[in-house]
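Novice: This is the content of query-v6.cif (mmCIF, C-alpha atoms):
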data_protein
#
loop_
_atom_site.label_atom_id
_atom_site.label_comp_id
_atom_site.auth_asym_id
_atom_site.auth_seq_id
_atom_site.Cartn_x
_atom_site.Cartn_y
_atom_site.Cartn_z
CA MET A 1 34.54 62.44 12.70
CA ALA A 2 35.80 59.59 14.86
CA LYS A 3 33.10 60.42 17.41
CA ALA A 4 30.44 60.24 14.75
CA VAL A 5 31.63 56.79 13.68
CA VAL A 6 31.52 55.55 17.26
CA ARG A 7 28.06 56.99 17.70
CA ILE A 8 26.78 55.27 14.55
CA GLY A 9 28.38 52.07 15.68
CA LEU A 10 26.65 52.30 19.04
CA VAL A 11 23.33 53.02 17.40
CA ALA A 12 23.77 50.00 15.11
CA LEU A 13 24.67 47.84 18.11
CA GLY A 14 21.60 49.08 19.89
CA LEU A 15 19.41 48.23 16.93
CA VAL A 16 20.86 44.74 16.65
CA TRP A 17 20.41 44.23 20.37
CA GLY A 18 16.82 45.42 20.15
CA ALA A 19 16.09 43.04 17.29
CA PHE A 20 17.52 40.14 19.30
CA ALA A 21 15.37 40.99 22.29
CA ALA A 22 12.27 41.22 20.11
CA GLN A 23 13.05 37.87 18.53
CA ALA A 24 13.56 36.22 21.91
CA ALA A 25 10.21 37.57 23.09
CA GLN A 26 8.60 36.30 19.88
CA ALA A 27 10.07 32.85 20.31
CA ASP A 28 8.49 32.66 23.73
CA GLU A 29 5.15 33.65 22.28
CA VAL A 30 5.07 31.15 19.41
CA LYS A 31 2.35 28.68 20.20
CA ARG A 32 3.56 25.11 20.17
CA TYR A 33 1.38 22.42 18.68
CA VAL A 34 3.17 19.22 19.61
CA VAL A 35 0.65 17.32 21.72
CA GLU A 36 1.27 16.01 25.22
CA GLY A 37 1.53 12.23 25.27
CA SER A 38 2.68 11.86 21.67
CA GLN A 39 6.00 10.33 20.71
CA ALA A 40 6.99 13.74 19.34
CA ALA A 41 6.55 15.28 22.79
CA GLU A 42 9.44 13.16 24.01
CA ARG A 43 11.77 13.97 21.17
CA SER A 44 13.82 17.07 20.53
CA ALA A 45 13.44 17.36 16.77
CA CYS A 46 11.09 16.74 13.87
CA VAL A 47 12.28 15.20 10.60
CA GLU A 48 13.59 18.68 9.67
CA PRO A 49 14.33 21.73 11.82
CA THR A 50 11.11 22.94 13.43
CA GLU A 51 11.14 26.32 11.70
CA ARG A 52 11.47 24.59 8.35
CA MET A 53 8.71 22.12 9.17
CA ARG A 54 6.30 24.90 10.04
CA ARG A 55 6.76 26.53 6.68
CA MET A 56 7.49 23.62 4.39
CA HIS A 57 5.73 20.50 5.64
CA MET A 58 3.10 20.58 2.90
CA GLU A 59 5.80 20.62 0.22
CA PHE A 60 7.60 17.69 1.81
CA ILE A 61 4.44 15.60 2.07
CA GLN A 62 3.37 16.39 -1.45
CA HIS A 63 6.75 15.41 -2.84
CA GLN A 64 6.69 12.20 -0.81
CA ARG A 65 3.24 11.41 -2.08
CA ILE A 66 4.30 11.43 -5.72
CA ALA A 67 7.43 9.43 -4.95
CA THR A 68 5.43 6.84 -3.02
CA VAL A 69 2.41 6.42 -5.22
CA HIS A 70 4.15 6.59 -8.60
CA GLU A 71 7.60 5.26 -7.85
CA GLY A 72 6.99 2.97 -4.90
CA ILE A 73 9.50 4.77 -2.67
CA ARG A 74 8.51 4.11 0.93
CA ASP A 75 11.39 5.95 2.53
CA THR A 76 9.39 7.14 5.48
CA GLN A 77 11.01 10.46 6.38
CA TYR A 78 8.23 12.65 4.99
CA SER A 79 5.51 10.04 4.80
CA LEU A 80 2.09 11.01 6.03
CA THR A 81 1.96 7.70 7.86
CA GLY A 82 5.14 8.78 9.67
CA CYS A 83 3.69 12.16 10.71
CA VAL A 84 0.67 10.41 12.19
CA ASP A 85 2.72 7.74 13.99
CA CYS A 86 4.97 10.25 15.74
CA HIS A 87 2.50 13.06 16.39
CA ILE A 88 -0.49 10.98 17.54
CA SER A 89 -1.63 11.21 21.16
CA TYR A 90 -3.85 8.98 23.28
CA ASP A 91 -6.88 9.63 25.46
CA ALA A 92 -7.44 8.40 29.03
CA ASN A 93 -8.63 5.04 27.72
CA ARG A 94 -5.45 4.79 25.70
CA ASN A 95 -7.24 5.13 22.39
CA PRO A 96 -5.44 7.18 19.77
CA ARG A 97 -7.08 10.54 19.10
CA PRO A 98 -7.62 11.39 15.42
CA ILE A 99 -4.77 13.71 14.49
CA ASN A 100 -7.00 16.05 12.50
CA GLN A 101 -9.32 16.81 15.43
CA PRO A 102 -9.34 20.53 16.22
CA ASP A 103 -7.50 19.93 19.51
CA GLN A 104 -4.89 17.59 18.04
CA PHE A 105 -1.59 18.22 16.31
CA CYS A 106 -2.47 18.79 12.63
CA GLY A 107 -6.03 19.87 13.40
CA ALA A 108 -5.24 22.56 15.98
CA CYS A 109 -2.73 24.48 13.90
CA HIS A 110 -4.78 24.17 10.74
CA ARG A 111 -7.78 25.52 12.55
CA TYR A 112 -5.73 28.43 13.78
CA ALA A 113 -4.39 29.04 10.27
CA ALA A 114 -7.80 28.41 8.65
CA VAL A 115 -6.42 25.60 6.50
CA ASP A 116 -8.93 22.99 5.43
CA LEU A 117 -7.52 19.59 4.46
CA ASN A 118 -9.33 16.65 2.95
CA CYS A 119 -6.41 14.25 3.34
CA PHE A 120 -8.01 12.47 6.27
CA ASP A 121 -11.19 11.73 4.33
CA CYS A 122 -9.11 8.91 2.89
CA HIS A 123 -6.02 8.60 5.07
CA ALA A 124 -6.23 6.97 8.49
CA SER A 125 -6.07 9.71 11.14
CA VAL A 126 -4.85 7.18 13.73
CA PRO A 127 -2.28 4.39 13.33
CA ASN A 128 -4.57 1.73 11.94
CA ARG A 129 -2.76 -1.22 10.49
CA PRO A 130 -3.99 -4.81 10.53
CA ALA A 131 -4.07 -5.93 14.17
CA ALA A 132 -0.52 -7.07 14.91
CA ASP A 133 1.15 -4.01 13.42
CA ALA A 134 -1.18 -1.55 15.09
CA GLU A 135 -0.31 -3.09 18.42
CA ALA A 136 3.37 -2.75 17.63
CA ALA A 137 2.83 0.89 16.71
CA HIS A 138 1.03 1.51 20.00
CA ARG A 139 3.77 -0.26 21.93
CA ALA A 140 6.39 1.82 20.14
CA ALA A 141 4.46 4.88 21.25
CA GLY A 142 4.60 3.60 24.84
CA VAL A 143 0.95 2.63 24.97
CA THR A 144 -0.10 -0.84 25.97
CA GLY A 145 -3.89 -0.49 25.94
CA ALA A 146 -6.37 -1.90 23.42
CA PRO A 147 -5.82 -0.66 19.90
CA HIS A 148 -8.32 1.57 18.11
CA GLY A 149 -11.64 -0.15 17.48
CA GLY A 150 -12.35 1.40 14.09
CA GLY A 151 -10.35 -1.08 12.06
CA HIS A 152 -9.57 -4.66 12.85
CA MET B 1 28.61 -48.04 -6.38
CA ASN B 2 29.17 -51.78 -5.88
CA GLU B 3 26.83 -54.73 -5.28
CA ASP B 4 27.98 -55.35 -1.72
CA LYS B 5 27.06 -51.91 -0.53
CA THR B 6 23.53 -51.88 -1.92
CA THR B 7 22.74 -55.33 -0.51
CA THR B 8 24.09 -54.54 2.94
CA PRO B 9 20.98 -54.07 5.10
CA VAL B 10 22.22 -50.99 6.86
CA ASP B 11 25.14 -49.00 5.61
CA SER B 12 25.68 -46.24 8.09
CA GLY B 13 28.17 -44.50 5.79
CA ARG B 14 25.62 -44.25 3.03
CA ARG B 15 22.95 -43.13 5.45
CA GLY B 16 25.23 -40.50 6.71
CA PHE B 17 25.85 -39.36 3.17
CA LEU B 18 22.13 -39.18 2.38
CA GLY B 19 21.49 -37.29 5.59
CA THR B 20 24.15 -34.74 4.81
CA ALA B 21 22.91 -34.43 1.26
CA ALA B 22 19.36 -33.79 2.47
CA GLY B 23 20.63 -31.28 4.99
CA VAL B 24 22.69 -29.50 2.38
CA SER B 25 19.88 -29.27 -0.12
CA ALA B 26 17.46 -28.08 2.57
CA ALA B 27 19.94 -25.42 3.59
CA ALA B 28 20.41 -24.42 -0.03
CA LEU B 29 16.64 -24.06 -0.40
CA VAL B 30 16.14 -22.19 2.82
CA ALA B 31 19.15 -19.95 2.67
CA PRO B 32 18.23 -17.99 -0.47
CA GLY B 33 14.69 -17.58 0.88
CA VAL B 34 15.94 -16.27 4.21
CA PHE B 35 18.48 -14.11 2.48
CA LEU B 36 15.89 -12.65 0.13
CA HIS B 37 13.55 -11.99 3.00
CA SER B 38 15.98 -10.25 5.29
CA VAL B 39 17.42 -8.11 2.53
CA ALA B 40 14.30 -7.35 0.53
CA ALA B 41 11.62 -7.08 3.25
CA ALA B 42 12.31 -3.45 3.92
CA PRO B 43 10.64 -0.35 2.53
CA ARG B 44 11.89 0.63 -0.92
CA THR B 45 14.27 3.53 -1.14
CA GLU B 46 14.61 3.60 -4.91
CA ALA B 47 12.07 4.07 -7.68
CA VAL B 48 10.52 0.96 -9.21
CA THR B 49 11.86 0.07 -12.64
CA ASP B 50 10.65 -1.92 -15.62
CA ALA B 51 13.22 -4.62 -14.89
CA VAL B 52 10.31 -6.56 -13.42
CA ARG B 53 6.71 -7.01 -14.51
CA TRP B 54 4.40 -8.39 -11.87
CA GLY B 55 1.70 -10.83 -12.90
CA LEU B 56 -0.55 -13.66 -11.84
CA LEU B 57 -1.21 -17.09 -13.29
CA ILE B 58 -4.55 -18.59 -12.35
CA ASP B 59 -5.08 -22.32 -12.85
CA THR B 60 -8.86 -22.55 -13.15
CA ALA B 61 -8.74 -26.35 -12.79
CA LYS B 62 -7.65 -25.79 -9.18
CA CYS B 63 -10.12 -22.97 -8.47
CA ALA B 64 -12.85 -24.55 -6.34
CA ASP B 65 -16.57 -23.97 -6.78
CA GLY B 66 -18.02 -22.17 -3.76
CA CYS B 67 -14.64 -21.10 -2.39
CA SER B 68 -14.10 -17.37 -2.01
CA ALA B 69 -10.97 -17.37 0.15
CA CYS B 70 -9.13 -15.05 -2.26
CA VAL B 71 -11.97 -12.55 -2.25
CA SER B 72 -12.24 -12.36 1.53
CA ALA B 73 -8.46 -12.23 2.00
CA CYS B 74 -8.32 -9.34 -0.47
CA GLU B 75 -11.08 -7.55 1.42
CA ARG B 76 -9.27 -7.95 4.72
CA GLU B 77 -5.87 -6.96 3.35
CA ASN B 78 -7.18 -3.89 1.59
CA GLY B 79 -9.78 -2.76 4.11
CA LEU B 80 -12.67 -3.41 1.73
CA ASP B 81 -14.47 -5.18 4.57
CA LEU B 82 -14.64 -1.87 6.44
CA GLN B 83 -17.23 -0.50 4.01
CA GLU B 84 -20.65 -0.24 5.58
CA PRO B 85 -23.95 -0.20 3.69
CA HIS B 86 -25.63 3.20 3.91
CA SER B 87 -29.18 1.97 3.74
CA ALA B 88 -30.89 -1.30 4.53
CA THR B 89 -33.37 -0.97 1.71
CA SER B 90 -31.87 0.63 -1.38
CA LYS B 91 -29.71 -1.81 -3.27
CA TRP B 92 -27.71 1.07 -4.76
CA GLU B 93 -26.74 2.26 -1.30
CA GLN B 94 -25.42 -1.18 -0.51
CA GLN B 95 -22.96 -1.24 -3.38
CA GLN B 96 -19.45 -2.00 -2.25
CA ALA B 97 -16.13 -1.72 -3.98
CA ALA B 98 -14.58 -5.07 -4.83
CA TRP B 99 -11.13 -5.81 -6.20
CA ILE B 100 -11.74 -9.49 -6.99
CA ARG B 101 -14.93 -11.16 -8.18
CA LYS B 102 -15.47 -14.89 -8.38
CA VAL B 103 -16.85 -15.64 -11.83
CA LYS B 104 -18.52 -18.89 -12.90
CA LEU B 105 -18.53 -19.73 -16.59
CA GLN B 106 -20.68 -22.40 -18.17
CA ASP B 107 -20.19 -23.80 -21.63
CA ASN B 108 -23.80 -24.15 -22.78
CA GLN B 109 -23.01 -26.88 -25.28
CA THR B 110 -21.12 -29.20 -22.97
CA GLY B 111 -22.30 -27.98 -19.59
CA ARG B 112 -18.70 -27.68 -18.39
CA ILE B 113 -18.37 -25.20 -15.53
CA THR B 114 -15.24 -23.15 -14.88
CA ASN B 115 -14.60 -21.01 -11.81
CA LEU B 116 -12.16 -18.16 -11.80
CA PRO B 117 -11.29 -15.03 -9.85
CA MET B 118 -11.45 -11.88 -11.99
CA MET B 119 -9.52 -8.78 -11.03
CA CYS B 120 -7.61 -5.99 -12.76
CA GLN B 121 -5.67 -7.75 -15.51
CA HIS B 122 -2.76 -5.30 -15.35
CA CYS B 123 -2.63 -4.82 -19.12
CA GLU B 124 0.55 -3.75 -20.82
CA ASP B 125 -1.59 -1.34 -22.86
CA PRO B 126 -4.36 -0.48 -20.43
CA PRO B 127 -7.50 1.13 -21.92
CA CYS B 128 -8.24 2.75 -18.53
CA VAL B 129 -4.99 4.69 -18.77
CA ASP B 130 -5.74 5.76 -22.36
CA VAL B 131 -9.07 7.33 -21.46
CA CYS B 132 -8.17 8.99 -18.14
CA PRO B 133 -8.39 12.76 -18.54
CA THR B 134 -6.20 13.62 -15.54
CA GLY B 135 -3.44 11.03 -15.57
CA ALA B 136 -4.80 9.49 -12.38
CA SER B 137 -5.08 6.10 -14.02
CA PHE B 138 -1.52 5.02 -14.67
CA LYS B 139 0.78 2.07 -15.10
CA ARG B 140 3.70 1.87 -12.73
CA ALA B 141 7.07 0.95 -14.20
CA ASP B 142 6.78 -2.54 -12.73
CA GLY B 143 3.55 -3.19 -14.63
CA ILE B 144 1.01 -2.48 -11.87
CA VAL B 145 -1.98 -0.58 -13.22
CA MET B 146 -3.48 1.67 -10.56
CA VAL B 147 -5.25 4.90 -9.69
CA ASP B 148 -3.53 7.87 -8.09
CA ARG B 149 -6.46 8.94 -5.94
CA HIS B 150 -4.91 12.38 -5.49
CA LEU B 151 -5.49 13.02 -9.18
CA CYS B 152 -8.74 11.09 -9.67
CA ILE B 153 -11.79 13.29 -10.27
CA GLY B 154 -14.25 10.40 -10.21
CA CYS B 155 -15.37 10.67 -13.85
CA ARG B 156 -15.39 6.89 -14.21
CA TYR B 157 -14.32 6.83 -17.89
CA CYS B 158 -11.84 4.14 -16.88
CA MET B 159 -14.64 1.97 -15.53
CA MET B 160 -16.41 2.18 -18.88
CA ALA B 161 -13.21 1.48 -20.80
CA CYS B 162 -12.17 -1.58 -18.81
CA PRO B 163 -13.13 -4.77 -20.70
CA TYR B 164 -12.91 -6.75 -17.46
CA LYS B 165 -15.26 -4.68 -15.31
CA ALA B 166 -12.43 -4.67 -12.80
CA ARG B 167 -12.83 -1.21 -11.28
CA SER B 168 -15.07 0.08 -8.50
CA PHE B 169 -16.22 3.51 -7.46
CA ILE B 170 -16.51 4.67 -3.85
CA HIS B 171 -19.96 6.20 -3.52
CA GLN B 172 -20.12 6.98 0.17
CA PRO B 173 -17.95 8.57 2.84
CA LEU B 174 -15.95 6.07 4.91
CA THR B 175 -14.32 5.94 8.32
CA GLY B 176 -11.76 3.69 9.98
CA GLN B 177 -9.60 3.17 6.87
CA LEU B 178 -6.41 1.18 7.17
CA THR B 179 -3.19 3.16 7.27
CA ALA B 180 -1.76 1.24 4.33
CA VAL B 181 -4.88 1.53 2.18
CA PRO B 182 -6.43 5.00 2.16
CA ARG B 183 -9.79 5.22 0.44
CA GLY B 184 -12.43 7.88 0.06
CA LYS B 185 -15.63 8.97 -1.58
CA GLY B 186 -15.53 9.98 -5.20
CA CYS B 187 -12.59 7.96 -6.48
CA VAL B 188 -12.15 4.85 -8.58
CA GLU B 189 -9.98 1.97 -7.43
CA SER B 190 -9.04 -1.59 -8.31
CA CYS B 191 -6.59 -4.40 -7.58
CA ASN B 192 -3.07 -3.03 -7.28
CA LEU B 193 -1.38 -6.40 -6.72
CA CYS B 194 -1.05 -5.51 -3.02
CA VAL B 195 1.27 -2.63 -3.88
CA HIS B 196 2.14 -1.98 -0.23
CA ARG B 197 3.47 -5.53 -0.05
CA ARG B 198 5.47 -5.04 -3.26
CA ASP B 199 7.13 -1.94 -1.88
CA ASN B 200 7.97 -3.78 1.33
CA GLY B 201 9.71 -6.56 -0.56
CA GLU B 202 7.22 -9.26 0.40
CA ASP B 203 6.88 -12.11 -2.04
CA SER B 204 3.17 -12.71 -2.55
CA THR B 205 -0.27 -11.16 -2.52
CA ALA B 206 -3.15 -11.67 -0.06
CA CYS B 207 -5.18 -13.71 -2.57
CA VAL B 208 -2.25 -16.00 -3.38
CA ASP B 209 -1.60 -16.68 0.32
CA ALA B 210 -5.27 -17.39 1.02
CA CYS B 211 -5.64 -19.74 -1.94
CA ALA B 212 -2.53 -21.64 -0.85
CA ALA B 213 -3.77 -21.81 2.75
CA GLU B 214 -7.01 -23.38 1.51
CA GLY B 215 -4.90 -26.04 -0.15
CA HIS B 216 -5.90 -25.08 -3.69
CA GLY B 217 -2.80 -23.21 -4.79
CA ALA B 218 -4.63 -22.02 -7.89
CA ILE B 219 -2.89 -18.62 -8.07
CA LEU B 220 0.77 -17.96 -8.72
CA PHE B 221 2.29 -14.52 -8.31
CA GLY B 222 5.62 -13.44 -9.72
CA ASP B 223 7.82 -11.60 -12.16
CA LEU B 224 6.86 -12.27 -15.77
CA LYS B 225 10.18 -10.90 -16.98
CA ASP B 226 12.32 -13.27 -14.94
CA PRO B 227 12.59 -16.52 -16.92
CA ASN B 228 13.46 -18.39 -13.72
CA SER B 229 10.53 -17.19 -11.63
CA ALA B 230 7.97 -19.82 -10.66
CA ILE B 231 5.32 -18.06 -12.70
CA SER B 232 7.43 -17.91 -15.88
CA GLN B 233 8.37 -21.55 -15.54
CA ARG B 234 4.76 -22.57 -15.09
CA LEU B 235 3.70 -20.44 -18.06
CA ARG B 236 6.24 -22.36 -20.15
CA GLU B 237 4.87 -25.70 -18.93
CA ILE B 238 1.10 -25.38 -19.21
CA PRO B 239 -1.19 -23.82 -21.81
CA SER B 240 -2.60 -20.50 -20.67
CA ARG B 241 -4.60 -17.66 -22.14
CA GLN B 242 -5.30 -14.00 -21.72
CA ILE B 243 -8.99 -13.19 -21.31
CA ARG B 244 -10.16 -11.24 -24.37
CA GLU B 245 -6.83 -11.79 -26.07
CA ASP B 246 -8.52 -10.44 -29.21
CA LEU B 247 -8.08 -6.95 -27.71
CA VAL B 248 -4.26 -7.40 -27.73
CA LEU B 249 -3.80 -5.71 -24.36
CA ASN B 250 -1.12 -8.17 -23.24
CA THR B 251 -2.53 -8.75 -19.80
CA GLY B 252 -0.33 -9.47 -16.78
CA VAL B 253 -2.92 -11.89 -15.40
CA ARG B 254 -3.08 -15.20 -17.26
CA TYR B 255 -5.53 -18.08 -16.97
CA ALA B 256 -5.00 -21.80 -17.52
CA GLY B 257 -7.86 -24.18 -18.31
CA VAL B 258 -10.22 -21.70 -19.94
#
Have the structure of the file written as C-alpha cells, please.
Specialist:
Amino acid sequence: MAKAVVRIGLVALGLVWGAFAAQAAQADEVKRYVVEGSQAAERSACVEPTERMRRMHMEFIQHQRIATVHEGIRDTQYSLTGCVDCHISYDANRNPRPINQPDQFCGACHRYAAVDLNCFDCHASVPNRPAADAEAAHRAAGVTGAPHGGGH
Amino acid sequence: MNEDKTTTPVDSGRRGFLGTAAGVSAAALVAPGVFLHSVAAAPRTEAVTDAVRWGLLIDTAKCADGCSACVSACERENGLDLQEPHSATSKWEQQQAAWIRKVKLQDNQTGRITNLPMMCQHCEDPPCVDVCPTGASFKRADGIVMVDRHLCIGCRYCMMACPYKARSFIHQPLTGQLTAVPRGKGCVESCNLCVHRRDNGEDSTACVDACAAEGHGAILFGDLKDPNSAISQRLREIPSRQIREDLVLNTGVRYAGV
C-alpha cells in the first residue's frame, strides 16, 4: 500500500516536471513582437503583464476609448496614443514607421493572427502632434532626427 | 491724506506705497493664473460633469470683414488643413470638412453688413442628437456636442437636422492625421470646442487665441454656468442673442450685435 502511494506520488511528480519542461520550451518558442529601436524594446514591462496584454489589449483599448471620448478621461495607461508612442520604431532616416505596417508591432502580430483593424484609417499610426510636441515625443523616444513629414 | 503730501513734488513714501500696491495686485492677478495652469493643465483623470457648460460669446462688432484667422487656426489645430482634394476638376471631389465658416449677413433694407463665424452652436437640446440612430451624436456632460466616430455610420441625418449647417462629412480616405484629432472616411464631424484642450485643462480654444492674436478679441470662451467667468460677466453686460432662438435649443454659442 505504502509503495503504491509512493509510486503514484512519483508519477505525479514526473507529470508536473514534464509539464514544466514543456512550458519552458513553449516560452522560448513564443514569437516576440516588440520592435527593435522602440521605447518598449528598452523597457521590461508593458502597461500590464505581457501575458495579459497579449490576450486582453483590445478590451483595455475599447474601455479606454469610451472613457476618453464620452467622459473626457485622458488617463493615458491604455490610450491608443500611448501604445503608439511606446511601441513605435524608426527607420534609418529616423522617420517613425507606421505601427500598423505588416513588419511593425501591431501590424506584424495582427497579420499573423489574421486580425484586420480599421483603427488606423483614422488614428495616426505614428506620433504626429503639432510640430513642437512631435519633436518632444521623438526626443523622448531617443530620436533627434527630423519629425515625420506627413503632418506639420 | 493731507494737503502737504499731495502738493509735495516727490513723495518717495507714497511712491513706494504705489509701487508695492501695483506689485501686489500684479501678483494677485498672476498667481491664480499660474496656479490654475500648473494644477489644471494635466490630462483629466475623472469624468467630465455638468458642473460646467462650455460656451462662446461672439461680438460681431469686433469681427473684421475679410479676416479668417479663426477659421485657419481651427484648421491647423484640428488637422483640417491636411485634407487634400481628390480631383482637380470635380468640385464635389474638392469638398472639405470645415468646423467654422465665416458668414456675411446683409440687411437689405439698411445695407448694414455683419460678419460672424458660424460653428456648432452646442445646443442644450441638440436636434442632431435627437435624430442619430446609433447614439454617435451625443452631448457630453460639460455641454460639448460631438460625434463618437466609433459609433457613426455616416447616415448624415444629423447634418440634415442641424439648423446651423455646422456639420461636415468626410468623403475621402485621408493620411497623415494628427494624433490628437483622428479622422476618417465615412463619418460626420463638427466643432468640439477643442475637446483635447478641454481635457488637458487649457483655458481657451484655437479660434479664440487666433482672434485675440489678430487684435480683434471678438470671441470669448468660458463656462456659462460660472457667474464669475469672463463670458458670464460679459453676457450680463451686453445684449446678445442665440441664432434661431425661435427653435428654443438654448445654444451654448451666443452672438452680440446681430
Novice: In Å, how far is it from CA of Asn192 in chain B to CA of His150 in chain B?
Specialist: 15.6 Å
Novice: Go through A:Asp91, A:Glu71, A:Asp85, A:Asp116 and flag the residue nearest chain B, using only C-alpha atoms for the distances.
Specialist: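 Distance minimum relative to chain B lands on A:Glu71.
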Novice: Show me, as a PyMOL selection string, the residues of chain A whose atoms get within 6 Å of chain B, using only C-alpha atoms for the distance check.
Specialist: chain A and resi 71-75+121-124+128-129+150-151
Novice: If we count only C-alpha atoms and set the cut-off at 12 Å, which residues sit around Gly154 in chain B, ignoring sequence neighbours fewer than 5 positions away in its own chain? Please answer as a list in words.
Specialist: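 After dropping sequence-adjacent residues, the list is Cys132, Pro133, Thr134, Ala136, Ser137, Val147, Asp148, Arg149, Met159, Arg167, Ser168, Phe169, Ile170, His171, Gly184, Lys185, Gly186, Cys187, Val188 and Glu189 of chain B.
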Novice: Show me, as a PyMOL selection string, the residues that have an atom within 6 Å of range 93-110 of chain A when counting only C-alpha atoms, minus same-chain residues fewer than 4 positions from it.
Specialist: chain A and resi 33-35+88-89+114-115+125-126+145+148
Novice: Please identify all polymer residues within 12 Å of Lys104 in chain B, counting only C-alpha atoms, omitting same-chain residues fewer than 4 positions from it, and present them as a ChimeraX atom specification.
Specialist: /B:60,63-68,111-118,258
Novice: Hey, what's within 10 Å of Gln64 in chain A if we count only C-alpha atoms and toss same-chain stuff fewer than 2 positions away? As a ChimeraX atom specification, please?
Specialist: /A:58-62,66-71,73-80
Novice: Take CA of Asp223 in chain B and CA of Trp54 in chain B and report the distance between them in Å, one decimal.
Specialist: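 Calculated distance between CA of Asp223 in chain B and CA of Trp54 in chain B is 4.7 Å.
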Novice: What gap, in Å, lies between CA of Glu84 in chain B and CA of Gln96 in chain B?
Specialist: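 If I compute the distance from CA of Glu84 in chain B to CA of Gln96 in chain B, I get 8.1 Å.
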